[in-house]
Structure formats: C-alpha cells, structure tokens
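> Next comes structure_10.txt, compact mmCIF, C-alpha atoms:
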```txt
# COMPACT_ATOMS: atom_id res chain seq x y z
CA MET A 3 175.64 111.51 161.92
CA PRO A 4 173.27 112.82 159.24
CA VAL A 5 169.83 111.30 158.95
CA ASP A 6 170.42 109.95 155.46
CA ASP A 7 173.16 107.69 156.69
CA TRP A 8 170.76 105.88 159.00
CA ALA A 9 168.36 105.22 156.15
CA GLU A 10 171.17 104.09 153.88
CA LEU A 11 172.62 101.78 156.51
CA LEU A 12 169.25 100.26 157.39
CA ALA A 13 168.31 99.79 153.74
CA ALA A 14 171.61 98.00 153.10
CA ALA A 15 171.14 96.00 156.29
CA ASN A 16 167.65 94.86 155.34
CA ALA A 17 169.01 93.84 151.95
CA GLY A 18 171.42 91.49 153.74
CA ASP A 19 174.57 93.57 154.34
CA SER A 20 175.55 92.58 157.86
CA ARG A 21 178.44 95.07 158.11
CA ALA A 22 176.00 97.89 157.38
CA TYR A 23 173.64 96.39 159.94
CA GLU A 24 176.34 96.29 162.60
CA ARG A 25 177.24 99.90 161.89
CA PHE A 26 173.59 100.88 162.04
CA LEU A 27 173.07 99.26 165.44
CA LEU A 28 176.33 100.63 166.84
CA THR A 29 175.41 104.10 165.58
CA VAL A 30 171.89 104.21 166.98
CA THR A 31 172.68 102.55 170.32
CA PRO A 32 174.22 105.65 172.00
CA VAL A 33 171.27 107.73 170.82
CA LEU A 34 168.79 105.19 172.18
CA ARG A 35 170.75 105.02 175.42
CA GLY A 36 170.57 108.80 175.71
CA ILE A 37 166.81 108.76 175.30
CA VAL A 38 166.30 105.93 177.77
CA MET A 39 168.63 107.51 180.34
CA ALA A 40 166.99 110.91 180.02
CA ARG A 41 163.58 109.36 180.62
CA GLY A 42 164.44 106.73 183.14
CA ARG A 43 167.34 107.91 185.23
CA SER A 44 165.39 106.90 188.32
CA LEU A 45 165.50 103.27 187.19
CA GLY A 46 169.25 103.09 187.62
CA GLN A 47 171.90 102.51 185.03
CA ALA A 48 171.64 98.72 184.75
CA SER A 49 167.86 98.85 184.32
CA CYS A 50 168.24 101.51 181.68
CA GLU A 51 170.63 99.29 179.79
CA ASP A 52 168.04 96.49 180.04
CA VAL A 53 165.59 98.76 178.31
CA VAL A 54 168.17 99.71 175.68
CA GLN A 55 168.69 96.01 174.97
CA ASP A 56 164.93 95.51 174.77
CA VAL A 57 164.72 98.27 172.22
CA LEU A 58 167.57 96.79 170.19
CA LEU A 59 165.92 93.39 170.21
CA ALA A 60 162.63 94.94 169.10
CA ILE A 61 164.34 96.91 166.33
CA HIS A 62 165.97 93.71 165.18
CA LEU A 63 162.83 91.57 165.12
CA LYS A 64 160.67 94.33 163.63
CA ARG A 65 163.11 95.79 161.13
CA HIS A 66 160.91 94.57 158.27
CA THR A 67 158.30 97.14 159.35
CA TRP A 68 160.53 100.00 158.26
CA THR A 69 159.68 101.03 154.71
CA GLU A 70 162.65 101.79 152.53
CA GLY A 71 162.65 105.46 151.68
CA ALA A 72 160.76 106.44 154.82
CA PRO A 73 162.63 108.42 157.49
CA VAL A 74 164.28 106.16 160.06
CA ARG A 75 164.01 108.39 163.11
CA PRO A 76 160.22 108.49 163.65
CA TRP A 77 160.17 104.72 163.23
CA LEU A 78 163.06 104.21 165.60
CA TYR A 79 161.72 106.63 168.20
CA ALA A 80 158.27 105.06 168.08
CA ILE A 81 159.78 101.67 168.91
CA THR A 82 161.91 103.21 171.66
CA ARG A 83 158.97 105.07 173.14
CA TYR A 84 156.83 101.94 173.11
CA LYS A 85 159.49 99.88 174.87
CA VAL A 86 160.34 102.57 177.41
CA ILE A 87 156.66 102.87 178.37
CA ASP A 88 156.55 99.07 178.66
CA ALA A 89 159.54 99.08 180.97
CA PHE A 90 157.96 101.67 183.22
CA ARG A 91 154.66 99.84 183.22
CA ALA A 92 156.48 96.72 184.31
CA ARG A 93 157.96 98.66 187.19
CA GLY A 94 154.62 100.15 188.13
CA ARG A 95 155.28 103.72 187.17
CA GLN A 96 153.31 106.13 185.09
CA ILE A 97 155.21 108.41 182.80
CA ASP A 98 154.34 110.76 180.05
CA LEU A 99 156.44 110.54 176.90
CA PRO A 100 155.56 113.13 174.30
CA ILE A 101 157.23 111.96 171.10
CA ASP A 102 158.34 115.49 170.23
CA ASP A 103 160.84 115.31 173.06
CA PHE A 104 162.76 112.69 171.12
CA LEU A 105 163.42 114.97 168.22
CA THR A 106 166.48 116.39 169.89
CA ASP A 107 169.15 113.78 170.11
CA LEU A 108 170.48 113.17 173.55
CA MET A 109 173.82 111.49 173.69
CA ALA A 110 174.60 109.74 176.93
CA ASP A 111 177.91 110.23 178.67
CA ALA A 112 179.94 107.09 178.56
CA GLY A 113 180.32 105.88 182.13
CA PRO A 114 182.75 103.23 183.37
CA ASP A 115 180.78 100.40 181.79
CA PRO A 116 177.24 101.50 181.23
CA THR A 117 176.60 98.75 178.70
CA ASP A 118 176.29 95.81 181.03
CA ALA A 119 172.79 94.64 181.85
CA SER A 120 171.59 91.69 183.85
CA ASP A 121 168.12 90.82 182.58
CA MET A 122 169.15 89.54 179.18
CA ALA A 123 171.58 87.04 180.70
CA LYS A 124 168.78 85.77 182.95
CA LEU A 125 166.42 85.42 180.02
CA ILE A 126 169.04 83.57 177.99
CA GLY A 127 169.28 81.17 180.90
CA MET A 128 165.58 80.47 180.45
CA LEU A 129 166.09 79.34 176.86
CA GLY A 130 166.86 75.72 176.10
CA GLU A 131 170.44 74.54 176.54
CA ARG A 132 171.34 74.63 172.87
CA PRO A 133 169.73 77.97 171.91
CA ALA A 134 171.31 79.54 175.00
CA ALA A 135 174.70 78.16 173.99
CA ILE A 136 174.31 79.54 170.47
CA VAL A 137 173.41 83.03 171.67
CA ARG A 138 176.29 83.04 174.17
CA MET A 139 178.88 81.71 171.75
CA ILE A 140 178.03 84.18 169.01
CA GLY A 141 177.25 87.14 171.23
CA VAL A 142 179.54 86.91 174.25
CA GLU A 143 182.42 84.88 172.83
CA GLY A 144 182.23 86.43 169.39
CA ALA A 145 182.23 83.13 167.54
CA THR A 146 181.10 83.02 163.93
CA VAL A 147 178.10 80.98 162.83
CA ALA A 148 180.46 78.46 161.27
CA GLU A 149 182.55 78.07 164.42
CA THR A 150 179.43 77.68 166.50
CA GLY A 151 178.15 75.05 164.13
CA GLN A 152 181.41 73.12 164.40
CA THR A 153 181.42 73.19 168.18
CA LEU A 154 177.78 72.15 168.48
CA GLN A 155 177.92 69.81 165.47
CA MET A 156 175.19 71.62 163.60
CA SER A 157 175.03 72.89 160.03
CA ASP A 158 175.37 76.64 159.46
CA GLY A 159 171.74 76.79 158.36
CA ALA A 160 170.56 75.04 161.53
CA VAL A 161 172.58 77.47 163.67
CA ARG A 162 171.04 80.44 161.88
CA VAL A 163 167.51 79.10 162.27
CA ALA A 164 168.13 78.31 165.95
CA LEU A 165 169.60 81.77 166.55
CA HIS A 166 166.61 83.48 164.92
CA ARG A 167 164.20 81.42 167.00
CA ALA A 168 166.20 82.09 170.16
CA LEU A 169 166.03 85.85 169.62
CA LYS A 170 162.28 85.66 169.02
CA ALA A 171 161.92 83.57 172.16
CA LEU A 172 163.91 86.14 174.14
CA ALA A 173 161.53 88.88 173.02
CA ALA A 174 158.53 86.73 173.95
CA LEU A 175 160.03 85.88 177.36
CA ARG A 176 160.62 89.54 177.94
CA ALA A 177 157.04 90.43 177.01
CA ARG A 178 155.77 87.88 179.52
CA HIS A 179 158.18 89.30 182.07
CA VAL A 180 156.68 92.71 181.51
CA GLU A 181 153.06 91.68 181.95
CA MET B 5 175.14 90.61 179.04
CA LYS B 6 176.82 93.56 177.42
CA THR B 7 175.02 95.47 174.76
CA GLU B 8 177.83 94.93 172.25
CA SER B 9 177.43 91.17 172.78
CA LEU B 10 173.74 91.43 172.07
CA ILE B 11 174.46 93.44 168.93
CA ARG B 12 176.89 90.74 167.76
CA ALA B 13 174.15 88.13 168.18
CA LEU B 14 171.61 90.33 166.37
CA VAL B 15 173.96 90.94 163.44
CA ALA B 16 174.58 87.21 163.06
CA ASP B 17 170.84 86.61 162.65
CA THR B 18 170.24 87.36 158.99
CA ALA B 19 166.65 86.11 158.82
CA ILE B 20 164.24 88.96 158.13
CA ASP B 21 160.47 88.64 158.14
CA ARG B 22 158.28 89.44 155.17
CA ARG B 23 156.67 92.85 155.00
CA PRO B 24 153.15 93.12 156.46
CA VAL B 25 151.61 94.07 153.10
CA VAL B 26 152.73 90.78 151.53
CA ILE B 27 151.17 88.71 154.30
CA LEU B 28 147.95 90.73 154.42
CA THR B 29 147.30 90.69 150.68
CA GLY B 30 147.89 86.96 150.35
CA GLY B 31 146.03 86.11 153.53
CA LEU B 32 142.98 88.26 152.83
CA LEU B 33 142.62 87.05 149.25
CA ALA B 34 142.65 83.48 150.50
CA ALA B 35 140.21 84.33 153.30
CA LEU B 36 137.81 86.07 150.91
CA VAL B 37 137.84 83.24 148.37
CA GLY B 38 137.39 80.74 151.21
CA THR B 39 134.48 82.70 152.69
CA VAL B 40 132.67 83.08 149.36
CA PHE B 41 133.15 79.37 148.66
CA PHE B 42 131.88 78.54 152.15
CA ILE B 43 128.72 80.59 151.59
CA TRP B 44 128.17 79.00 148.20
CA VAL B 45 128.38 75.52 149.75
CA THR B 46 126.42 76.13 152.97
CA LEU B 47 123.90 78.98 152.62
CA GLY B 48 123.96 79.14 148.82
CA PHE B 49 123.92 82.29 146.66
CA ARG B 50 120.56 83.98 146.19
CA ASP B 51 118.76 82.72 143.08
CA ASP B 52 118.33 86.13 141.50
CA LEU B 53 121.91 87.25 142.09
CA THR B 54 122.50 88.64 138.59
CA ALA B 55 119.26 90.62 138.66
CA ALA B 56 120.08 91.95 142.15
CA LEU B 57 123.54 93.05 141.01
CA ALA B 58 121.90 95.10 138.27
CA ASN B 59 119.72 96.86 140.85
CA PRO B 60 121.71 99.78 142.28
CA VAL B 61 119.87 99.86 145.62
CA SER B 62 120.69 96.21 146.23
CA SER B 63 124.23 96.26 144.85
CA LEU B 64 125.05 99.30 146.97
CA ARG B 65 125.58 96.71 149.71
CA PHE B 66 128.64 95.41 147.89
CA VAL B 67 129.94 98.91 147.27
CA LEU B 68 129.51 99.97 150.91
CA THR B 69 130.92 96.84 152.53
CA GLY B 70 133.67 96.55 149.93
CA SER B 71 134.82 100.14 150.30
CA LEU B 72 134.65 99.83 154.09
CA ALA B 73 136.89 96.75 153.92
CA LEU B 74 139.28 98.48 151.54
CA VAL B 75 139.59 101.67 153.57
CA ALA B 76 139.85 99.87 156.92
CA GLY B 77 142.31 97.35 155.48
CA ARG B 78 144.60 100.10 154.20
CA LEU B 79 144.45 101.83 157.57
CA ALA B 80 145.17 98.58 159.40
CA LEU B 81 148.21 98.10 157.21
CA LEU B 82 149.38 101.59 158.03
CA LEU B 83 148.96 100.79 161.71
CA SER B 84 150.98 97.60 161.43
CA ARG B 85 154.06 99.84 161.55
CA PRO B 86 155.37 101.74 164.57
CA ALA B 87 153.90 105.26 164.75
CA GLY B 88 151.53 104.40 161.88
CA GLU B 89 148.65 106.00 163.79
CA ALA B 90 150.33 109.37 163.34
CA ARG B 91 149.82 109.09 159.59
CA ALA B 92 146.43 107.34 159.60
CA ARG B 93 143.55 109.48 158.33
CA LEU B 94 140.26 108.10 159.55
CA TRP B 95 137.89 110.40 157.67
CA PRO B 96 137.40 108.11 154.64
CA LEU B 97 135.58 105.78 157.04
CA LEU B 98 133.17 108.63 157.75
CA VAL B 99 132.52 109.03 154.03
CA VAL B 100 131.42 105.40 153.84
CA LEU B 101 129.23 105.92 156.89
CA ALA B 102 127.72 109.08 155.39
CA VAL B 103 126.81 107.30 152.15
CA ALA B 104 125.21 104.48 154.17
CA LEU B 105 123.16 106.95 156.22
CA ALA B 106 122.13 108.83 153.06
CA ALA B 107 120.88 105.54 151.63
CA VAL B 108 118.86 104.93 154.80
CA LEU B 109 117.31 108.41 154.60
CA TRP B 110 116.44 107.93 150.96
CA ALA B 111 114.87 104.53 151.66
CA GLY B 112 113.01 105.97 154.63
CA ARG B 113 111.40 108.60 152.44
CA THR B 114 110.48 106.22 149.62
CA THR B 115 109.00 103.54 151.89
CA PRO B 116 105.37 104.06 152.96
CA PRO B 117 105.28 105.06 156.67
CA GLY B 118 103.23 102.01 157.61
CA GLY B 119 105.86 99.64 156.25
CA LEU B 120 108.94 101.30 157.78
CA LEU B 121 109.29 99.08 160.82
CA MET B 122 108.68 95.95 158.79
CA ALA B 123 111.32 97.02 156.30
CA VAL B 124 113.88 97.62 159.03
CA VAL B 125 113.22 94.36 160.86
CA GLY B 126 112.97 92.30 157.68
CA LYS B 127 112.74 88.53 157.88
CA THR B 128 116.30 87.43 158.47
CA ALA B 129 117.79 89.88 160.96
CA GLY B 130 118.92 87.20 163.40
CA ALA B 131 120.48 84.99 160.75
CA CYS B 132 122.15 88.03 159.23
CA LEU B 133 123.76 89.11 162.51
CA ILE B 134 124.99 85.66 163.43
CA SER B 135 126.23 84.84 159.92
CA ILE B 136 128.23 88.02 159.47
CA VAL B 137 129.82 87.76 162.91
CA LEU B 138 130.78 84.11 162.34
CA LEU B 139 131.98 84.70 158.78
CA SER B 140 134.22 87.51 159.97
CA VAL B 141 136.24 85.27 162.30
CA VAL B 142 138.70 84.05 159.64
CA PRO B 143 139.33 87.38 157.88
CA VAL B 144 139.73 89.18 161.21
CA ALA B 145 142.14 86.49 162.38
CA VAL B 146 144.19 86.97 159.20
CA ILE B 147 144.41 90.73 159.75
CA LEU B 148 145.23 90.39 163.45
CA ALA B 149 147.95 87.88 162.58
CA THR B 150 149.39 90.35 160.10
CA LEU B 151 149.32 93.11 162.69
CA ARG B 152 150.99 90.87 165.24
CA HIS B 153 153.66 90.14 162.73
CA GLY B 154 154.12 93.87 162.33
CA ALA B 155 154.64 96.21 165.26
CA THR B 156 151.70 98.43 166.01
CA THR B 157 151.98 101.15 168.62
CA ALA B 158 148.18 101.56 168.78
CA PRO B 159 146.88 98.04 169.53
CA VAL B 160 143.24 98.93 170.26
CA LEU B 161 142.75 101.09 167.18
CA ALA B 162 144.55 98.54 165.03
CA GLY B 163 142.30 95.80 166.44
CA ARG B 164 139.19 97.84 165.68
CA LEU B 165 140.31 98.50 162.12
CA ALA B 166 140.94 94.79 161.72
CA GLY B 167 137.35 94.23 162.86
CA LEU B 168 135.96 96.83 160.46
CA CYS B 169 137.86 95.34 157.53
CA GLY B 170 137.10 91.70 158.38
CA GLY B 171 133.49 92.50 159.23
CA GLY B 172 133.11 94.41 155.97
CA LEU B 173 134.48 91.49 153.98
CA ALA B 174 132.20 89.06 155.80
CA ALA B 175 129.16 91.27 155.14
CA MET B 176 130.11 91.61 151.47
CA ALA B 177 130.29 87.84 151.15
CA TYR B 178 127.04 87.37 153.07
CA ALA B 179 125.32 89.78 150.67
CA LEU B 180 125.71 87.13 147.98
CA HIS B 181 123.21 85.06 149.94
CA CYS B 182 121.00 87.69 151.54
CA THR B 183 117.84 88.82 149.71
CA GLU B 184 116.97 91.81 151.88
CA ASP B 185 117.46 94.62 149.42
CA THR B 186 116.46 97.76 151.30
CA PRO B 187 119.11 99.94 152.95
CA LEU B 188 116.75 100.16 155.92
CA PHE B 189 117.53 96.51 156.56
CA TYR B 190 121.11 96.09 155.45
CA VAL B 191 122.58 99.28 156.80
CA THR B 192 120.96 98.49 160.17
CA TRP B 193 121.85 94.84 160.53
CA TYR B 194 125.07 94.60 158.52
CA GLY B 195 126.11 97.72 160.38
CA LEU B 196 125.29 96.25 163.79
CA ALA B 197 127.11 93.02 162.99
CA ILE B 198 130.19 94.90 161.76
CA LEU B 199 130.06 97.13 164.83
CA ALA B 200 130.00 94.09 167.12
CA VAL B 201 132.96 92.56 165.30
CA THR B 202 134.82 95.87 165.54
CA VAL B 203 134.32 96.15 169.30
CA ILE B 204 135.35 92.55 169.94
CA SER B 205 138.36 92.80 167.66
CA GLY B 206 139.47 95.96 169.46
CA LEU B 207 139.34 94.11 172.78
CA VAL B 208 141.26 91.18 171.33
CA GLY B 209 143.78 93.54 169.75
CA ALA B 210 144.50 95.22 173.08
CA ARG B 211 145.81 91.91 174.38
CA LEU B 212 147.08 90.20 171.26
CA LEU B 213 148.91 93.03 169.54
CA ARG B 214 151.43 93.81 172.25
CA TRP B 215 155.05 93.11 171.44
```
As a first step, turn the structure in this file into structure tokens.

Amino acid sequence: MPVDDWAELLAAANAGDSRAYERFLLTVTPVLRGIVMARGRSLGQASCEDVVQDVLLAIHLKRHTWTEGAPVRPWLYAITRYKVIDAFRARGRQIDLPIDDFLTDLMADAGPDPTDASDMAKLIGMLGERPAAIVRMIGVEGATVAETGQTLQMSDGAVRVALHRALKALAALRARHVE
Amino acid sequence: MKTESLIRALVADTAIDRRPVVILTGGLLAALVGTVFFIWVTLGFRDDLTAALANPVSSLRFVLTGSLALVAGRLALLLSRPAGEARARLWPLLVVLAVALAAVLWAGRTTPPGGLLMAVVGKTAGACLISIVLLSVVPVAVILATLRHGATTAPVLAGRLAGLCGGGLAAMAYALHCTEDTPLFYVTWYGLAILAVTVISGLVGARLLRW
C-alpha cells in the first residue's frame, strides 16, 4: 500500500471517519506485526502479539500527536520502536533497535492464529466490572455503542466516555506492568 | 484477546485528545500571566522599571530569558511527538548562550578590576536563586503536563527542555523585580537557577514522561 494512503486514512480517521480509522489500523497491523516478530522472535508468538496490541493501543491514544501532512511512517515506527524496547525491558533483555531497520517493510507470515494474545484479556480483567464489560462487548462480541448502552442501561455518550477511559486505563495498567 | 477485537474497541472510541500545541500555548500564557501577577503582589516590581527597560544592558535580561524560553519551548513542543528528537536542532540554544557570555565578557572589561567580584556576587544572589527556582515550578509543570499528554520518545531531553523553558520564563518574570543590572550578576545567577531547574526537570521527565 502506498505511503500516501496511510496519511490519507489517518487524516480522515482523526477528523472522525471511523471506517477510515478501521482501515488504517487493519492496514498497519500486519506491518507492525512483521516488525515486532522480526525483532522479538525469541519472545514467542503470543508475547509478540501482546506487543503488537500495546503498539496499537499507543497509536490509538497518541494519534493526536501525528501532524496532518507529515509522513506517517516515521511517526508510526517511532511509536513501535518505543513500545518494542519497553517490552524487552520488561522482560529483562537488552536489544539494539536502529530505526533505519524499520524502513523496509517486513510482512509477517500469517500463522494458524497469530493474533491471539493473553495479556490484554488479563488487563481488562483488572478494570472495573462495567468498563471491562464495555470493552468486551464492543471488542470481542462486536456490539455497537448503542447496543452496549441498551444492555448496560447507559446513554451512548456515557458508553463512549467509559470506553475512552477504559482504554486509557489499560495503557496505564500496562505501563505499570512494564516497570 | 484477539487483535481484531482490540481494533474494534479502538475504532469505537471516537474521543481524540487536543494537539500538544493547543495545550502548551494556553497553559503557558496562563502560567506567565499568573507568575507576573504573583511577583507584582508579593515581591513587587522594581520602582524604576520603565527606566531600566530603556537601558539596553538591563533589558538584555528580558531578551535573553525570553528568547531562551521561546527556543526551548518550541523544541519541547517538537519533542512532544514521537521521533521529534530526530528533527530537533539544539544550536539556537547555543546562540542564546553565546550572547549571554558575550555580555559577561563586555561587562567584565568595563567593570573596574577591583569591583568585579562584588559585581558578580551582588546583593541578592540567594533570593534570586530561590525565587527563580520556585517561580519556575508552575510553568515547568505546565510544560511537563503537555509533554505527558503528547508522546515523547526522548523523556530526559524533553524534561530538560521543559526546565530551560520554564526556568527562562521564571527568570524573565523575576527580572521585573530584580534591580541587579549587570550581566556579571544576572548571567551568573539567573543562569545557575535555570541550570538547576533544567537538571531537576530532566530527572523528573525521565520518570514522568514514559508512556
């Protein structure tokens, strides 16, 4: 996929187009996975996917730090590099990650189910009952915000606010995990 | 949890934070106004402020501290973004430092040798150090909060730049009160105070700016 498409998708996403955002995340995920796998094969596949999910969460919560018009890749790779180093630090390893190495895209081979990871589920379990339910309903069960609101008897706005806070809390839990 | 599930949850969250520049500009303006007001109420402005502003040697303090804050603030903003350090050019900071040192040299040559030490030590060195360090707490906190809100990949450098900018602003505000007009005094003591703030802020940044 050409570079321009990433910038276009992310610009549309940051302007509120959630279809563009979904496409952006789905497009970059295999590339991120390739980078993480190439660097961290020794961690094992599930751990690698944990790191991929960390990176996705970081991209999500920090997407306002991308400047429209700026190239997406250096920004994206800097976040990836930062999170990969974090993951290794958490596992007590020292690695060297020259950023130039990221400039060639490495696509991962699709294994049987390389996209399942365990840490995020554990962290969601550490959230409160309601935020955890919201993340699970929307993420795992694929419910819409409206459906989730109906089930939990909350307004759409309250569900959105709770979801945003839950994702921030997940990132914070993860950071504490890492330290 | 599968990655596609996580992506579904991320896509459903449409809240996006404000850009760092918006937060920094608003926050720093408020901090600067607050600091100047605080000095006016507590220490008071110097009585001959208008005359001092007309004197280039004295008003150079505002130029030096102000440009330091401006340059460091811009750099801090650059560093609030991932990989910002790759695009940050630090040499403008050296220009400010060079001008400050040139002012010291000039003052050293125009002050009679017997009075050099007295000119450097001045009368208010202690108060100056303590005031600038204390006054910098709020502006530095504003910049660190902005950086935290961003995503820096160079926490220590970002923290130090926050210290330089906040310390510069604090020194600029303190200069409204301070009557020590020779560069021998203000470059030395303002400089030391700003340096202390920079070191501390770098240490704080190393811990606070991880994400």
> For chain B, list the residues within 10 Å of chain A, counting all atoms listed in the file, and write the list as a PDB file with C-alpha atoms, in the frame of the given file.

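Okay, iface_10.pdb is ready:
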```pdb
ATOM      1  CA  MET B   5     175.140  90.610 179.040  1.00  0.00           C
ATOM      2  CA  LYS B   6     176.820  93.560 177.420  1.00  0.00           C
ATOM      3  CA  THR B   7     175.020  95.470 174.760  1.00  0.00           C
ATOM      4  CA  GLU B   8     177.830  94.930 172.250  1.00  0.00           C
ATOM      5  CA  SER B   9     177.430  91.170 172.780  1.00  0.00           C
ATOM      6  CA  LEU B  10     173.740  91.430 172.070  1.00  0.00           C
ATOM      7  CA  ILE B  11     174.460  93.440 168.930  1.00  0.00           C
ATOM      8  CA  ARG B  12     176.890  90.740 167.760  1.00  0.00           C
ATOM      9  CA  ALA B  13     174.150  88.130 168.180  1.00  0.00           C
ATOM     10  CA  LEU B  14     171.610  90.330 166.370  1.00  0.00           C
ATOM     11  CA  VAL B  15     173.960  90.940 163.440  1.00  0.00           C
ATOM     12  CA  ALA B  16     174.580  87.210 163.060  1.00  0.00           C
ATOM     13  CA  ASP B  17     170.840  86.610 162.650  1.00  0.00           C
ATOM     14  CA  THR B  18     170.240  87.360 158.990  1.00  0.00           C
ATOM     15  CA  ALA B  19     166.650  86.110 158.820  1.00  0.00           C
ATOM     16  CA  ILE B  20     164.240  88.960 158.130  1.00  0.00           C
ATOM     17  CA  ASP B  21     160.470  88.640 158.140  1.00  0.00           C
ATOM     18  CA  ARG B  22     158.280  89.440 155.170  1.00  0.00           C
ATOM     19  CA  ARG B  23     156.670  92.850 155.000  1.00  0.00           C
ATOM     20  CA  PRO B  24     153.150  93.120 156.460  1.00  0.00           C
ATOM     21  CA  VAL B  25     151.610  94.070 153.100  1.00  0.00           C
ATOM     22  CA  SER B  84     150.980  97.600 161.430  1.00  0.00           C
ATOM     23  CA  ARG B  85     154.060  99.840 161.550  1.00  0.00           C
ATOM     24  CA  PRO B  86     155.370 101.740 164.570  1.00  0.00           C
ATOM     25  CA  ALA B  87     153.900 105.260 164.750  1.00  0.00           C
ATOM     26  CA  GLY B  88     151.530 104.400 161.880  1.00  0.00           C
ATOM     27  CA  ALA B  90     150.330 109.370 163.340  1.00  0.00           C
ATOM     28  CA  HIS B 153     153.660  90.140 162.730  1.00  0.00           C
ATOM     29  CA  GLY B 154     154.120  93.870 162.330  1.00  0.00           C
ATOM     30  CA  ALA B 155     154.640  96.210 165.260  1.00  0.00           C
ATOM     31  CA  THR B 156     151.700  98.430 166.010  1.00  0.00           C
ATOM     32  CA  THR B 157     151.980 101.150 168.620  1.00  0.00           C
ATOM     33  CA  ALA B 158     148.180 101.560 168.780  1.00  0.00           C
ATOM     34  CA  ARG B 214     151.430  93.810 172.250  1.00  0.00           C
ATOM     35  CA  TRP B 215     155.050  93.110 171.440  1.00  0.00           C
TER      36      TRP B 215
END
```
> Mind listing as a VMD selection string all residues within 12 Å of (167.2, 105.3, 184.4), counting all atoms listed in the file?
chain A and resid 35 to 54 86 89 to 90 93 110 116
> Now that the selection is made, can you save its residues with C-alpha atoms as a CSV table (one decimal), in the coordinates of the input?

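Wrote it out as selection_12.csv, contents follow:
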```csv
chain,number,residue,atom,x,y,z
A,35,ARG,CA,170.8,105.0,175.4
A,36,GLY,CA,170.6,108.8,175.7
A,37,ILE,CA,166.8,108.8,175.3
A,38,VAL,CA,166.3,105.9,177.8
A,39,MET,CA,168.6,107.5,180.3
A,40,ALA,CA,167.0,110.9,180.0
A,41,ARG,CA,163.6,109.4,180.6
A,42,GLY,CA,164.4,106.7,183.1
A,43,ARG,CA,167.3,107.9,185.2
A,44,SER,CA,165.4,106.9,188.3
A,45,LEU,CA,165.5,103.3,187.2
A,46,GLY,CA,169.2,103.1,187.6
A,47,GLN,CA,171.9,102.5,185.0
A,48,ALA,CA,171.6,98.7,184.8
A,49,SER,CA,167.9,98.8,184.3
A,50,CYS,CA,168.2,101.5,181.7
A,51,GLU,CA,170.6,99.3,179.8
A,52,ASP,CA,168.0,96.5,180.0
A,53,VAL,CA,165.6,98.8,178.3
A,54,VAL,CA,168.2,99.7,175.7
A,86,VAL,CA,160.3,102.6,177.4
A,89,ALA,CA,159.5,99.1,181.0
A,90,PHE,CA,158.0,101.7,183.2
A,93,ARG,CA,158.0,98.7,187.2
A,110,ALA,CA,174.6,109.7,176.9
A,116,PRO,CA,177.2,101.5,181.2
```
> Counting all atoms listed in the file, which of B:Ala35, B:Ala111, B:Ala76, B:Val26 gets nearest to Val146 of chain B?
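Looking only at the distances to Val146 of chain B, the closest residue turns out to be B:Ala35.
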> Measuring between all atoms listed in the file, which one of B:Val191, B:Met176, B:Leu121, B:Leu212 shows the shortest distance to Val37 of chain B?
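That would be B:Met176, the residue with the smallest distance to Val37 of chain B.
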> Expressed in Å to a single decimal, how great is the separation between atom CA of Gly172 of chain B and atom CA of Leu47 of chain B?
18.3 Å
> Write out as a count of residues only each polymer residue whose atoms come within 10 Å of Arg65 of chain B, counting all atoms listed in the file; drop sequence neighbours fewer than 4 positions from it.
17
> Between atom CA of Leu165 of chain B and atom CA of Ala80 of chain B, what is the distance in Å, rounded to a tenth?
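Separation of atom CA of Leu165 of chain B and atom CA of Ala80 of chain B: 5.6 Å.
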> Can you tell me how far atom CA of Leu64 of chain B sits from atom CA of Trp44 of chain B, in Å to one decimal?
20.6 Å
> Nearest residue to Thr29 of chain A out of A:Pro73, A:Ala14, A:Trp8, A:Ala134, using only C-alpha atoms?
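Answer, going by the shortest atom-to-atom distance: A:Trp8.
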